[in-house]
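Trainee: Pasting coords-v1.cif below, which is mmCIF, C-alpha atoms, pLDDT in the B column; chains and numbers go by the auth columns.
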data_final
loop_
_atom_site.group_PDB
_atom_site.id
_atom_site.type_symbol
_atom_site.label_atom_id
_atom_site.label_comp_id
_atom_site.label_asym_id
_atom_site.label_seq_id
_atom_site.Cartn_x
_atom_site.Cartn_y
_atom_site.Cartn_z
_atom_site.B_iso_or_equiv
_atom_site.auth_seq_id
_atom_site.auth_asym_id
ATOM 1 C CA MET A 1 0.000 0.000 0.000 63.00 264 A
ATOM 2 C CA LEU A 2 2.747 2.472 0.941 63.00 265 A
ATOM 3 C CA ALA A 3 4.541 1.676 -2.307 65.00 266 A
ATOM 4 C CA ASP A 4 1.644 3.370 -4.151 76.00 267 A
ATOM 5 C CA LEU A 5 2.412 6.700 -2.458 81.00 268 A
ATOM 6 C CA THR A 6 5.064 9.069 -3.732 84.00 269 A
ATOM 7 C CA GLY A 7 6.526 12.052 -1.935 86.00 270 A
ATOM 8 C CA GLN A 8 4.146 14.333 -3.829 91.00 271 A
ATOM 9 C CA SER A 9 1.133 12.188 -2.882 89.00 272 A
ATOM 10 C CA ILE A 10 2.101 12.229 0.792 91.00 273 A
ATOM 11 C CA ALA A 11 2.499 16.028 0.699 92.00 274 A
ATOM 12 C CA THR A 12 -0.925 16.397 -0.946 92.00 275 A
ATOM 13 C CA ILE A 13 -2.595 14.156 1.654 92.00 276 A
ATOM 14 C CA LYS A 14 -0.927 16.095 4.502 92.00 277 A
ATOM 15 C CA ALA A 15 -2.087 19.414 2.996 94.00 278 A
ATOM 16 C CA ALA A 16 -5.645 18.121 2.626 93.00 279 A
ATOM 17 C CA ALA A 17 -5.712 16.935 6.248 93.00 280 A
ATOM 18 C CA LYS A 18 -4.345 20.274 7.457 93.00 281 A
ATOM 19 C CA ARG A 19 -7.255 22.138 5.820 94.00 282 A
ATOM 20 C CA LEU A 20 -9.869 20.071 7.639 93.00 283 A
ATOM 21 C CA THR A 21 -10.861 20.404 11.292 90.00 284 A
ATOM 22 C CA GLY A 22 -12.557 18.347 13.968 89.00 285 A
ATOM 23 C CA ILE A 23 -14.482 15.257 13.006 91.00 286 A
ATOM 24 C CA ARG A 24 -13.865 15.762 9.275 93.00 287 A
ATOM 25 C CA ARG A 25 -10.104 15.712 9.808 95.00 288 A
ATOM 26 C CA ARG A 26 -10.264 12.599 11.994 94.00 289 A
ATOM 27 C CA GLU A 27 -12.535 10.888 9.465 94.00 290 A
ATOM 28 C CA PHE A 28 -10.150 11.744 6.608 96.00 291 A
ATOM 29 C CA GLN A 29 -7.088 10.598 8.543 96.00 292 A
ATOM 30 C CA ALA A 30 -8.819 7.342 9.514 95.00 293 A
ATOM 31 C CA GLN A 31 -9.826 6.630 5.931 95.00 294 A
ATOM 32 C CA VAL A 32 -6.310 7.334 4.619 94.00 295 A
ATOM 33 C CA THR A 33 -4.917 5.114 7.389 95.00 296 A
ATOM 34 C CA LEU A 34 -7.245 2.284 6.351 94.00 297 A
ATOM 35 C CA ASP A 35 -6.454 2.732 2.645 92.00 298 A
ATOM 36 C CA TYR A 36 -2.677 3.264 2.723 91.00 299 A
ATOM 37 C CA CYS A 37 -1.371 2.160 6.149 91.00 300 A
ATOM 38 C CA CYS A 38 -3.261 -1.129 6.657 90.00 301 A
ATOM 39 C CA GLY A 39 -5.289 0.497 9.448 92.00 302 A
ATOM 40 C CA SER A 40 -2.198 1.098 11.606 93.00 303 A
ATOM 41 C CA PRO A 41 -2.198 4.428 13.474 94.00 304 A
ATOM 42 C CA ARG A 42 1.507 3.966 14.253 95.00 305 A
ATOM 43 C CA ARG A 43 2.366 3.658 10.562 93.00 306 A
ATOM 44 C CA SER A 44 0.267 6.720 9.693 93.00 307 A
ATOM 45 C CA GLU A 45 2.139 8.631 12.399 94.00 308 A
ATOM 46 C CA ILE A 46 5.466 7.692 10.790 93.00 309 A
ATOM 47 C CA VAL A 47 4.406 8.360 7.188 92.00 310 A
ATOM 48 C CA PHE A 48 2.143 11.421 7.563 93.00 311 A
ATOM 49 C CA GLY A 49 3.187 12.840 10.935 93.00 312 A
ATOM 50 C CA TRP A 50 -0.323 12.636 12.393 94.00 313 A
ATOM 51 C CA GLY A 51 -1.003 11.999 16.058 93.00 314 A
ATOM 52 C CA ARG A 52 -1.647 8.347 16.830 94.00 315 A
ATOM 53 C CA GLN A 53 -4.384 9.158 19.329 94.00 316 A
ATOM 54 C CA THR A 54 -6.227 11.315 16.801 94.00 317 A
ATOM 55 C CA VAL A 55 -6.091 8.571 14.190 95.00 318 A
ATOM 56 C CA CYS A 56 -7.276 6.010 16.773 94.00 319 A
ATOM 57 C CA THR A 57 -10.202 8.268 17.626 94.00 320 A
ATOM 58 C CA GLY A 58 -11.022 8.648 13.929 94.00 321 A
ATOM 59 C CA LEU A 59 -10.877 4.895 13.386 95.00 322 A
ATOM 60 C CA GLY A 60 -13.204 4.372 16.350 94.00 323 A
ATOM 61 C CA GLU A 61 -15.620 6.958 14.976 93.00 324 A
ATOM 62 C CA LEU A 62 -15.622 5.258 11.559 92.00 325 A
ATOM 63 C CA ARG A 63 -16.117 1.837 13.118 93.00 326 A
ATOM 64 C CA SER A 64 -18.932 2.799 15.502 93.00 327 A
ATOM 65 C CA GLY A 65 -20.531 5.688 13.660 90.00 328 A
ATOM 66 C CA ILE A 66 -20.575 7.713 16.908 91.00 329 A
ATOM 67 C CA GLU A 67 -19.050 11.190 16.800 90.00 330 A
ATOM 68 C CA CYS A 68 -16.672 12.176 19.624 86.00 331 A
ATOM 69 C CA ARG A 69 -17.184 15.738 20.757 84.00 332 A
ATOM 70 C CA GLY A 70 -14.407 17.921 22.134 78.00 333 A
ATOM 71 C CA ASN A 71 -14.959 19.728 25.414 80.00 334 A
ATOM 72 C CA PHE A 72 -13.382 23.018 24.313 78.00 335 A
ATOM 73 C CA SER A 73 -15.064 25.122 26.982 77.00 336 A
ATOM 74 C CA ALA A 74 -13.298 23.163 29.725 79.00 337 A
ATOM 75 C CA ARG A 75 -9.866 23.981 28.316 83.00 338 A
ATOM 76 C CA GLY A 76 -7.682 26.780 29.522 86.00 339 A
ATOM 77 C CA ARG A 77 -7.391 28.574 32.794 85.00 340 A
ATOM 78 C CA HIS A 78 -10.551 29.783 34.508 84.00 341 A
ATOM 79 C CA ARG A 79 -10.933 33.286 35.863 86.00 342 A
ATOM 80 C CA THR A 80 -10.108 33.892 39.494 86.00 343 A
ATOM 81 C CA GLU A 81 -13.744 34.768 40.240 85.00 344 A
ATOM 82 C CA GLU A 82 -14.834 31.331 38.999 87.00 345 A
ATOM 83 C CA VAL A 83 -12.194 29.444 40.983 88.00 346 A
ATOM 84 C CA LEU A 84 -12.848 31.390 44.228 89.00 347 A
ATOM 85 C CA PRO A 85 -16.561 32.333 44.099 88.00 348 A
ATOM 86 C CA HIS A 86 -16.620 34.399 47.334 90.00 349 A
ATOM 87 C CA LEU A 87 -13.505 36.368 46.456 89.00 350 A
ATOM 88 C CA GLU A 88 -15.360 39.127 44.588 90.00 351 A
ATOM 89 C CA GLU A 89 -17.748 39.735 47.499 91.00 352 A
ATOM 90 C CA ASP A 90 -14.895 39.813 50.027 91.00 353 A
ATOM 91 C CA LEU A 91 -12.821 42.060 47.805 89.00 354 A
ATOM 92 C CA ARG A 92 -15.658 44.566 47.405 89.00 355 A
ATOM 93 C CA SER A 93 -16.235 44.648 51.172 90.00 356 A
ATOM 94 C CA LEU A 94 -12.583 45.636 51.657 88.00 357 A
ATOM 95 C CA VAL A 95 -12.155 48.061 48.761 87.00 358 A
ATOM 96 C CA ASP A 96 -15.506 49.914 48.766 84.00 359 A
ATOM 97 C CA PRO A 97 -14.882 51.851 52.005 83.00 360 A
ATOM 98 C CA GLN A 98 -11.548 53.005 50.553 79.00 361 A
ATOM 99 C CA SER A 99 -13.039 54.065 47.198 77.00 362 A
ATOM 100 C CA GLN A 100 -14.698 57.094 45.771 74.00 363 A
ATOM 101 C CA VAL A 101 -16.544 57.808 42.554 74.00 364 A
ATOM 102 C CA ASP A 102 -14.983 60.095 39.990 66.00 365 A
ATOM 103 C CA PRO A 103 -15.800 63.597 41.306 67.00 366 A
ATOM 104 C CA LYS A 104 -16.587 64.921 37.828 66.00 367 A
ATOM 105 C CA PHE A 105 -18.613 61.776 36.907 65.00 368 A
ATOM 106 C CA GLN A 106 -16.630 61.442 33.679 65.00 369 A
ATOM 107 C CA SER A 107 -16.037 57.717 34.023 70.00 370 A
ATOM 108 C CA PRO A 108 -17.936 54.811 35.604 70.00 371 A
ATOM 109 C CA PHE A 109 -14.884 53.700 37.586 75.00 372 A
ATOM 110 C CA ALA A 110 -14.419 53.988 41.313 77.00 373 A
ATOM 111 C CA TYR A 111 -11.022 55.260 42.376 74.00 374 A
ATOM 112 C CA THR A 112 -9.399 53.449 45.239 79.00 375 A
ATOM 113 C CA ARG A 113 -6.358 54.159 47.355 78.00 376 A
ATOM 114 C CA MET A 114 -5.693 50.479 48.120 84.00 377 A
ATOM 115 C CA THR A 115 -2.998 48.828 46.070 86.00 378 A
ATOM 116 C CA ALA A 116 -3.315 45.291 44.781 88.00 379 A
ATOM 117 C CA LYS A 117 -0.648 44.228 47.244 91.00 380 A
ATOM 118 C CA ALA A 118 -2.583 45.784 50.144 90.00 381 A
ATOM 119 C CA VAL A 119 -5.823 44.123 48.987 89.00 382 A
ATOM 120 C CA ARG A 120 -4.136 40.723 48.885 91.00 383 A
ATOM 121 C CA GLN A 121 -2.659 41.242 52.346 92.00 384 A
ATOM 122 C CA ALA A 122 -6.009 42.418 53.766 91.00 385 A
ATOM 123 C CA LEU A 123 -7.736 39.315 52.413 91.00 386 A
ATOM 124 C CA ILE A 124 -5.170 37.139 54.159 92.00 387 A
ATOM 125 C CA GLU A 125 -5.451 39.022 57.454 91.00 388 A
ATOM 126 C CA HIS A 126 -9.183 39.789 57.652 90.00 389 A
ATOM 127 C CA LYS A 127 -10.980 37.247 55.454 88.00 390 A
ATOM 128 C CA GLU A 128 -9.055 34.097 56.428 86.00 391 A
ATOM 129 C CA TYR A 129 -7.598 33.279 53.013 89.00 392 A
ATOM 130 C CA THR A 130 -4.215 31.606 52.816 90.00 393 A
ATOM 131 C CA SER A 131 -1.376 32.958 50.741 90.00 394 A
ATOM 132 C CA GLU A 132 -1.243 29.751 48.690 91.00 395 A
ATOM 133 C CA GLU A 133 -4.866 29.852 47.560 90.00 396 A
ATOM 134 C CA LEU A 134 -4.813 33.521 46.497 91.00 397 A
ATOM 135 C CA PRO A 135 -3.372 34.604 43.143 91.00 398 A
ATOM 136 C CA ASP A 136 -0.403 36.940 42.872 91.00 399 A
ATOM 137 C CA GLU A 137 -0.403 40.743 42.920 91.00 400 A
ATOM 138 C CA ARG A 138 -0.644 41.183 39.139 92.00 401 A
ATOM 139 C CA THR A 139 -3.802 39.078 39.040 91.00 402 A
ATOM 140 C CA PHE A 140 -5.315 41.266 41.751 90.00 403 A
ATOM 141 C CA ARG A 141 -4.556 44.354 39.648 90.00 404 A
ATOM 142 C CA ARG A 142 -6.387 42.819 36.716 90.00 405 A
ATOM 143 C CA LEU A 143 -9.249 41.697 38.945 90.00 406 A
ATOM 144 C CA LEU A 144 -9.666 45.196 40.409 89.00 407 A
ATOM 145 C CA ASN A 145 -9.738 46.650 36.889 88.00 408 A
ATOM 146 C CA ARG A 146 -12.367 44.098 35.794 87.00 409 A
ATOM 147 C CA LEU A 147 -14.512 45.034 38.800 87.00 410 A
ATOM 148 C CA GLY A 148 -14.339 48.731 37.913 85.00 411 A
ATOM 149 C CA TYR A 149 -11.720 50.009 40.360 84.00 412 A
ATOM 150 C CA ARG A 150 -8.837 52.222 39.271 80.00 413 A
ATOM 151 C CA MET A 151 -5.781 53.194 41.245 76.00 414 A
ATOM 152 C CA ARG A 152 -5.531 56.921 41.866 68.00 415 A
ATOM 153 C CA ARG A 153 -3.220 58.630 44.283 60.00 416 A
ATOM 154 C CA VAL A 154 -4.785 60.943 46.781 52.00 417 A
ATOM 155 C CA GLN A 155 -3.837 64.476 45.860 52.00 418 A
ATOM 156 C CA LYS A 156 -2.883 66.654 48.730 56.00 419 A
ATOM 157 C CA ALA A 157 -4.401 70.083 48.955 58.00 420 A
ATOM 158 C CA LYS A 158 -1.991 72.552 47.415 65.00 421 A
ATOM 159 C CA PRO A 159 -1.882 76.086 48.761 69.00 422 A
ATOM 160 C CA LEU A 160 -2.652 78.813 46.288 70.00 423 A
ATOM 161 C CA LYS A 161 0.427 80.598 45.051 74.00 424 A
ATOM 162 C CA LYS A 162 0.498 84.321 45.284 72.00 425 A
ATOM 163 C CA ASN A 163 0.873 85.836 41.894 70.00 426 A
ATOM 164 C CA GLN A 164 3.309 88.743 42.121 60.00 427 A
ATOM 165 C CA GLY A 165 2.043 90.366 38.925 57.00 428 A
ATOM 166 C CA ASN A 166 -1.528 90.853 40.131 57.00 429 A
ATOM 167 C CA GLN A 167 -0.682 92.572 43.424 56.00 430 A
ATOM 168 C CA ARG A 168 -0.227 96.333 43.540 57.00 431 A
ATOM 169 C CA HIS A 169 2.516 97.695 45.583 55.00 432 A
ATOM 170 C CA LEU A 170 1.587 100.806 47.543 51.00 433 A
#
What's the structure tokens form of this structure?

Mentor:
Amino acid sequence: MLADLTGQSIATIKAAAKRLTGIRRREFQAQVTLDYCCGSPRRSEIVFGWGRQTVCTGLGELRSGIECRGNFSARGRHRTEEVLPHLEEDLRSLVDPQSQVDPKFQSPFAYTRMTAKAVRQALIEHKEYTSEELPDERTFRRLLNRLGYRMRRVQKAKPLKKNQGNQRHL
């Protein structure tokens, strides 16, 4: 079977498989494996460079007629709010007393004087979280931004400067 394939044929089959996705790709790879590799996923891995597990899944789908679905939503890292559901409530209870709304009402954000490092430390001290279960400081900065808090330094009241040009000397 492999003697029928030339280098150009193998390249064409690889290109065709690369253009397909999901169940269509697995079905194509399984059919090519049956036709040219005697149904051996290991041989198709050597000849075409495909993953053995993917080809095995495709062969099983062809044999049974049942489509395997990928659980794409479960992949990746979940947001901190999803991993620690009470964190948002605890964070708001600490940050809200230290926050104020924009005095000119130009933005919907609340300005807070607490830093992300201080918020993390306050959660450990007052809300009984451990340092290991809480994310790092950068994640807290992102979390505060997602919740609508912005860091703003408290401006001290500046005394008015006397303008020498406006005063009349008598």

Trainee: Could you tell me which residues the PyMOL selection byres ((chain A and resi 268-278) around 12) grabs in this file, written as an MDAnalysis selection string?

Mentor: chainID A and resid 264:267 279:283 288 291:292 294:296 298:300 307:313

Trainee: Wanna dump the range 273-364 of chain A-range 408-412 of chain A contacts at 9 Å for me, each residue with its shortest atom pair and the distance in Å to one decimal, counting only C-alpha atoms, ordered by chain and number, as a tab-separated table?

Mentor:
residue	atom	partner	partner_atom	distance
A:Glu351	CA	A:Leu410	CA	8.3
A:Arg355	CA	A:Leu410	CA	8.7
A:Val358	CA	A:Tyr412	CA	8.6
A:Ser362	CA	A:Tyr412	CA	8.1

Trainee: I'd like the neighbourhood of Asp399 in chain A as a list of chain:residue names, where a residue qualifies if any of its atoms comes within 10 Å (using all atoms listed in the file), though same-chain residues fewer than 6 positions away should be ignored.

Mentor: A:Ala379, A:Lys380, A:Arg383

Trainee: When you count only C-alpha atoms, which of these residues is closest to Arg401 in chain A: A:Ser327, A:Asn426, A:His349, A:Val382?

Mentor: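 Distance minimum relative to Arg401 in chain A lands on A:Val382.
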
Trainee: Can you work out which one of A:Val364, A:Asp353, A:Arg332, A:Glu345 has the shortest atom-to-atom distance to His389 in chain A, counting only C-alpha atoms?

Mentor: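 Closest residue, counting only C-alpha atoms: A:Asp353.
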
Trainee: Quick one: distance from CA of Thr284 in chain A to CA of Leu325 in chain A in Å, one decimal?

Mentor: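 If I compute the distance from CA of Thr284 in chain A to CA of Leu325 in chain A, I get 15.9 Å.
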
Trainee: Residues at most 12 Å from range 328-330 of chain A, counting all atoms listed in the file, excluding those fewer than 5 positions away in the same chain, as a list in words?

Mentor: Gly285, Ile286, Arg287, Arg289, Glu290, Thr320, Gly321, Leu322 and Gly323 of chain A

Trainee: Please determine, counting all atoms listed in the file, which residue among A:Thr317, A:Pro371, A:Glu344, A:Asn334 has the shortest atom-to-atom distance to Arg405 in chain A.

Mentor: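 Nearest to Arg405 in chain A: A:Glu344.
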
Trainee: Once you count all atoms listed in the file, which residues end up no further than 7 Å from (-12.2, 53.8, 39.9) in the file's frame, shown as a PyMOL selection string?

Mentor: chain A and resi 364-365+372-375+411-414

Trainee: Interatomic distance between CA of Glu396 in chain A and CA of Leu347 in chain A?

Mentor: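 It comes out at 8.8 Å.
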
Trainee: Work out how far CA of Ser370 in chain A is from CA of Leu386 in chain A, in Å to one decimal.

Mentor: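 Distance reported for this atom pair: 27.3 Å.
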
Trainee: Which is closer to Tyr392 in chain A than all the others in A:Leu406, A:Leu297, A:Leu350, A:Met377, using all atoms listed in the file?

Mentor: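 Answer, going by the shortest atom-to-atom distance: A:Leu350.
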
Trainee: Leaving out Arg315 in chain A and any residue of its chain fewer than 3 positions from it, which residues lie within 7 Å of it when counting all atoms listed in the file, given as a ChimeraX atom specification?

Mentor: /A:304-305,308,318-319

Trainee: Suppose we keep C-alpha atoms; can you now write the selection as a PDB file, in the frame of the given file?

Mentor:
ATOM      1  CA  PRO A 304      -2.198   4.428  13.474  1.00 94.00           C
ATOM      2  CA  ARG A 305       1.507   3.966  14.253  1.00 95.00           C
ATOM      3  CA  GLU A 308       2.139   8.631  12.399  1.00 94.00           C
ATOM      4  CA  VAL A 318      -6.091   8.571  14.190  1.00 95.00           C
ATOM      5  CA  CYS A 319      -7.276   6.010  16.773  1.00 94.00           C
TER       6      CYS A 319
END

Trainee: Where's the centre, and what are the edge lengths in Å to one decimal, of a box along x, y and z enclosing all listed atoms of range 358-362 of chain A padded 4 Å per side, as AutoDock Vina command-line options?

Mentor:
--center_x -13.5 --center_y 51.1 --center_z 49.6 --size_x 12.0 --size_y 14.0 --size_z 12.8
